[in-house]
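Take a look at the structure below.
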Amino acid sequence: IPNIKAPLFLIHGVKDELIPIQHAEELFLKCPVEYRYKPHWVEDAGHNDIEDVLKEKGNYYMIFREFLDRLEDRKQLLVRKNSDTEYSV
């Protein structure tokens with residue numbers, strides 16, 4: 001994770017008993033700051049029911065859309081900052 005060179009977006013169930021939330025938090029903190037995106041901790045979800053919990057709340061697709069929008073915003077900033085060079089995000 002410390003060597004990652006791509007955007008990282010973590011989604012993890014807070015009630016996950018197989019892989020505790022602390023593991024996801026540690027991964028997030030080990031990722032270089034420039035590639036971190038605000039993680040989404042799903043309060044009522046365990047290990048295999050994140051999609052179900054988010055769909056029940058009606059925000060499953062919205063969470064991914066927000067992440068993709070942030071990627072696009074970041075890409076636009078990089079392009080404007082470095083107009084001579086093309087970057088992929």
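Residues in the structure tokens are named by chain (A, B, ... in the order shown) and by number from 1 within that chain; ligands are numbered from 1 in the order shown.
The helix (DSSP H, G or I) portion of region 11-58 of chain A consists of Ile21, Gln22, His23, Ala24, Glu25, Glu26, Leu27, Phe28, Leu29, Lys30, Val33, Glu34, Tyr35, Ile50, Glu51, Asp52, Val53, Leu54, Lys55, Glu56 and Lys57 of chain A, with states taken from DSSP on the backbone.
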Write out, as a short mmCIF file (atom, residue, chain, number, x, y, z; two decimals), in the first residue's frame, the residues just selected, with C-alpha atoms.
data_model
loop_
_atom_site.label_atom_id
_atom_site.label_comp_id
_atom_site.auth_asym_id
_atom_site.auth_seq_id
_atom_site.Cartn_x
_atom_site.Cartn_y
_atom_site.Cartn_z
CA ILE A 21 -12.57 -2.37 10.37
CA GLN A 22 -9.18 -1.60 11.91
CA HIS A 23 -7.51 -3.40 9.00
CA ALA A 24 -9.19 -1.07 6.51
CA GLU A 25 -8.27 1.95 8.63
CA GLU A 26 -4.62 0.83 8.71
CA LEU A 27 -4.58 0.33 4.93
CA PHE A 28 -6.03 3.79 4.44
CA LEU A 29 -3.38 5.40 6.66
CA LYS A 30 -0.56 3.54 4.89
CA VAL A 33 -1.90 10.99 1.01
CA GLU A 34 -2.10 12.12 -2.62
CA TYR A 35 -3.91 8.87 -3.56
CA ILE A 50 -22.29 -4.01 2.21
CA GLU A 51 -24.12 -3.83 -1.12
CA ASP A 52 -27.42 -4.90 0.45
CA VAL A 53 -27.14 -2.39 3.31
CA LEU A 54 -26.25 0.48 0.98
CA LYS A 55 -28.98 -0.38 -1.52
CA GLU A 56 -31.50 -0.51 1.33
CA LYS A 57 -30.44 3.00 2.33
#
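Taking CA of Asp73 (chain A) and CA of Leu10 (chain A) as endpoints, the distance between them is 18.7 Å.
All residues of region 11-63 of chain A that DSSP, run on the backbone, classes as strand (DSSP E or B) are Ile11, His12, Gly13, Arg36, His40, Trp41 and Val42 of chain A.
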Those same residues, written as a PDB file, in the first residue's frame with N, CA and C atoms?
ATOM      1  N   ILE A  11     -14.220   0.872   0.973  1.00  0.00           N
ATOM      2  CA  ILE A  11     -15.555   0.699   1.533  1.00  0.00           C
ATOM      3  C   ILE A  11     -15.458  -0.529   2.423  1.00  0.00           C
ATOM      4  N   HIS A  12     -15.898  -0.389   3.659  1.00  0.00           N
ATOM      5  CA  HIS A  12     -15.761  -1.513   4.594  1.00  0.00           C
ATOM      6  C   HIS A  12     -16.909  -1.504   5.580  1.00  0.00           C
ATOM      7  N   GLY A  13     -17.398  -2.674   5.920  1.00  0.00           N
ATOM      8  CA  GLY A  13     -18.453  -2.812   6.906  1.00  0.00           C
ATOM      9  C   GLY A  13     -17.909  -2.690   8.315  1.00  0.00           C
ATOM     10  N   ARG A  36      -5.195   9.008  -1.507  1.00  0.00           N
ATOM     11  CA  ARG A  36      -6.301   8.676  -0.605  1.00  0.00           C
ATOM     12  C   ARG A  36      -7.562   9.437  -0.978  1.00  0.00           C
ATOM     13  N   HIS A  40     -15.392   5.029   2.942  1.00  0.00           N
ATOM     14  CA  HIS A  40     -16.804   4.936   3.328  1.00  0.00           C
ATOM     15  C   HIS A  40     -16.964   3.730   4.249  1.00  0.00           C
ATOM     16  N   TRP A  41     -17.152   3.997   5.524  1.00  0.00           N
ATOM     17  CA  TRP A  41     -17.376   2.933   6.500  1.00  0.00           C
ATOM     18  C   TRP A  41     -18.882   2.746   6.627  1.00  0.00           C
ATOM     19  N   VAL A  42     -19.347   1.531   6.372  1.00  0.00           N
ATOM     20  CA  VAL A  42     -20.782   1.242   6.362  1.00  0.00           C
ATOM     21  C   VAL A  42     -21.175   0.730   7.749  1.00  0.00           C
TER      22      VAL A  42
END
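Proximity to Asp44 (chain A) was assessed for A:Arg74, A:Lys5, A:Arg65, A:Lys15 counting only C-alpha atoms; the smallest distance is recorded for A:Lys15.
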Between A:Tyr60, A:Cys31, A:Glu17, A:Phe67, which has the minimum distance to His47 (chain A) (counting only C-alpha atoms)? A:Glu17
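Nearest residue to Ala6 (chain A), choosing from A:Pro39, A:Gly58, A:Gly46, A:Pro32 and counting only C-alpha atoms: A:Pro32.
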